[in-house]
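Written out below as structure tokens is the structure these notes cover.
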Amino acid sequence: MADVANYIIYYFFNDYVFTFAACIIEVVFLFFTFWLISDFISDGKFRFCPIKGTIPFFIATFVIVVLLAIYCTFQYNGFAYIVEKYTVVANVRVAYTENIGFILEVSRLIFICALNIICFLYFYFSVEKCGLIKSKSNVGFAKIITRLWAVLFLTGILYVVKYIAYPIDLYEIIPSKLTSSSDTTYASVNGTVKDFRTDTCVTPLSRFSSYEHDEKRVLNLGSVTVKNGKDRIKTFTYFMPFDEDSNYYCELVPVETEYTESTDYLECNVQRLENFGLFFFDGDQRYAIKTENIKSQSENKVLTAMLETLISDGEWNYFEYGCDYLEKYDSDFIKPYIERYANGNFTEDEINENREINTEYMTNFAQKMLEIK
């Protein structure tokens with residue numbers, strides 16, 4: 001019955017509504033199942049826990065349901081942002097769409113397990129309060145062996161039925177170190193090694209779809225760690241498309257500014273990691289800034305120069321991430337871009353540079369920035 005209800009919801013609603021509803025449906029049906037079983041085996045003598053005993057279970061259930069709602073809302077907002085910003089063929093959108101299904105599956109598993117454990121404990125203590133749990137002396141050794149044998153026998157039957165109806169789902173995790181960039185060495189200044197390099201790893205997760213070992217990819221996670229000398233600065237994890245020919249890998253790219261002492265990849269002290277972050281030295285001080293944290297940074301001449309260079313080169317992602325920062329510290333530079341983008345006026349080079357981003361999204365974003373201003 002729960003599966004039928006879940007199928008109906010899955011058919012009519014999106015994965016995020018389904019994730020929330022499936023968890024609630026599972027525990028509701030389990031609750032009534034336990035209720036019927038408890039009432040049946042007790043010959044109608046079953047009674048629920050008193051109010052005082054019920055409150056802790058109610059609070060625990062309420063907390064988990066609230067967390068589930070927050071989680072589903074958060075995931076849906078992330079999906080809506082991806083769909084609004086990126087085109088259908090964009091690697092970011094393709095990767096997110098292909099991977100999010102399995103993430104939601106695991107999430108459902110975790111939340112359903114938590115709710116089911118609460119449900120089980122509630123009925124266990126309810127039965128105990130009713131005095132319906134027999135003492136160990138009433139359960140002989142022969143009965144225990146018989147019940148274990150019956151469980152094993154039934155499990156075997158179900159295993160055969162599942163073998164015929166649908167193959168077993170097996171998972172194979174194959175972490176593999178994909179690439180390790182050449183050491184990006186820079187001359188030491190007062191004992192400080194100006195060195196940025198990355199280690200990239202791809203971890204695919206596959207489900208065997210048949211006994212002939214046909215695999216179905218369900219998750220493809222990439223991670224990149226930025227290092228400075230022996231220090232691990234930051235690690236970023238991101239979804240990758242299932243297509244191995246997509247070449248969707250993250251690499252450090254030099255950013256040419258007046259503070260860049262070398263544009264050679266192996267000798268650059270000012271670099272960006274795709275759309276994840278900016279890494280640079282200002283004198284001997286090392287900076288590693290995630291893109292979403294740029295707007296909260298205090299003024300820094302190197303950061304300002306990096307953002308202005310990237311925006312001048314038509315990098316819309318850094319226009320989005322750096323707009324608030326530049327409005328505070330260099331409004332004369334950013335104001336013409338905001339006004340031009342708000343009117344939907346983009347150069348051909350900018351459009352070609354950002355083929356995976358919807359122009360409508362950038363126009364709406366610039367218009368919002370004008371309204372805020």
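Ordering of the structure tokens sets the chain letters (A, B, ...); residue numbers start at 1 within each chain; ligands are numbered from 1 in the order shown.
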
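All residues of stretch 247-357 of chain A that DSSP, run on the backbone, classes as strand (DSSP E or B) are Leu252, Val253, Pro254, Val270, Gln271, Arg272, Leu273, Gly277, Leu278, Phe279, Phe280, Phe281, Asp282, Gln285, Arg286, Tyr287, Ala288, Ile289, Lys290 and Ile357 of chain A.
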
Selected residues written out, C-alpha atoms, as a short mmCIF file (atom, residue, chain, number, x, y, z; two decimals), in the first residue's frame:
data_model
loop_
_atom_site.label_atom_id
_atom_site.label_comp_id
_atom_site.auth_asym_id
_atom_site.auth_seq_id
_atom_site.Cartn_x
_atom_site.Cartn_y
_atom_site.Cartn_z
CA LEU A 252 43.96 26.39 -11.48
CA VAL A 253 44.11 29.21 -14.03
CA PRO A 254 46.43 32.25 -13.74
CA VAL A 270 47.48 34.87 -8.47
CA GLN A 271 45.13 32.10 -9.65
CA ARG A 272 41.50 31.03 -9.75
CA LEU A 273 40.02 27.55 -9.53
CA GLY A 277 37.53 30.16 -5.51
CA LEU A 278 40.40 32.61 -5.79
CA PHE A 279 43.90 31.93 -4.49
CA PHE A 280 46.60 34.56 -4.28
CA PHE A 281 49.40 36.13 -2.29
CA ASP A 282 49.41 39.73 -1.16
CA GLN A 285 50.01 36.83 3.16
CA ARG A 286 48.20 33.90 1.55
CA TYR A 287 44.52 34.15 0.64
CA ALA A 288 42.07 31.40 -0.30
CA ILE A 289 38.54 32.73 -0.86
CA LYS A 290 35.49 30.72 -1.89
CA ILE A 357 24.73 30.50 -18.74
#

Contacts of stretch 360-373 of chain A at 8 Å (only C-alpha atoms; same-chain gap of 5+ positions) as a PyMOL selection string: chain A and resi 84-85+316+320+338-339+341-344

Helix (DSSP H, G or I) residues, from DSSP on the backbone, in stretch 199-373 of chain A, as a count of residues only: 70

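The shortest atom-to-atom distance to A:Leu67, with only C-alpha atoms taken into account, belongs to A:Ser107 out of A:Thr146, A:Ser107, A:Val302, A:Phe196.
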
Non-local contacts of stretch 325-334 of chain A (12 Å; only C-alpha atoms; under 5 positions in same chain excluded) as a VMD selection string: chain A and resid 291 to 301 303 to 312 318 to 320 339 to 341 366 369 to 370 372 to 373

Contact table stretch 54-114 of chain A vs stretch 221-224 of chain A, cut-off 12 Å, shortest pair per residue, only C-alpha atoms, as a Markdown table:
| residue | atom | partner | partner_atom | distance |
| --- | --- | --- | --- | --- |
| A:Ala95 | CA | A:Leu221 | CA | 9.4 |
| A:Tyr96 | CA | A:Leu221 | CA | 10.4 |
| A:Glu98 | CA | A:Leu221 | CA | 11.0 |
| A:Asn99 | CA | A:Leu221 | CA | 8.4 |
| A:Ile100 | CA | A:Leu221 | CA | 11.0 |
| A:Phe102 | CA | A:Leu221 | CA | 11.6 |
| A:Ile103 | CA | A:Leu221 | CA | 11.1 |

Selection near A:Val218, 12 Å with only C-alpha atoms, sequence-local residues under 2 positions removed, as an MDAnalysis selection string: chainID A and resid 95:106 169:173 203:209 215:216 220:221 239:243

Å distance separating atom CA of A:Ala80 from atom CA of A:Gly322, one decimal place: 21.5 Å

Among the residues A:Ala2, A:Leu115, A:Val17, A:Cys323, the one that comes closest to A:Ala69 [using only C-alpha atoms]: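 Between A:Ala2, A:Leu115, A:Val17, A:Cys323, the residue approaching A:Ala69 most closely is A:Val17.
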
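Distance annotation: of A:Tyr159, A:Phe123, A:Tyr337, A:Phe153, the residue with the minimal separation from A:Thr33 is A:Phe123; atom set is only C-alpha atoms.
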
Which residue of A:Gly229, A:Gly314, A:Gly156, A:Pro50 approaches A:Asn352 most closely, using only C-alpha atoms: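 Once distances to A:Asn352 are computed over only C-alpha atoms, the minimum belongs to A:Gly314.
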
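For the pair atom CA of A:Tyr76 and atom CA of A:Thr19, the separation is 10.6 Å.
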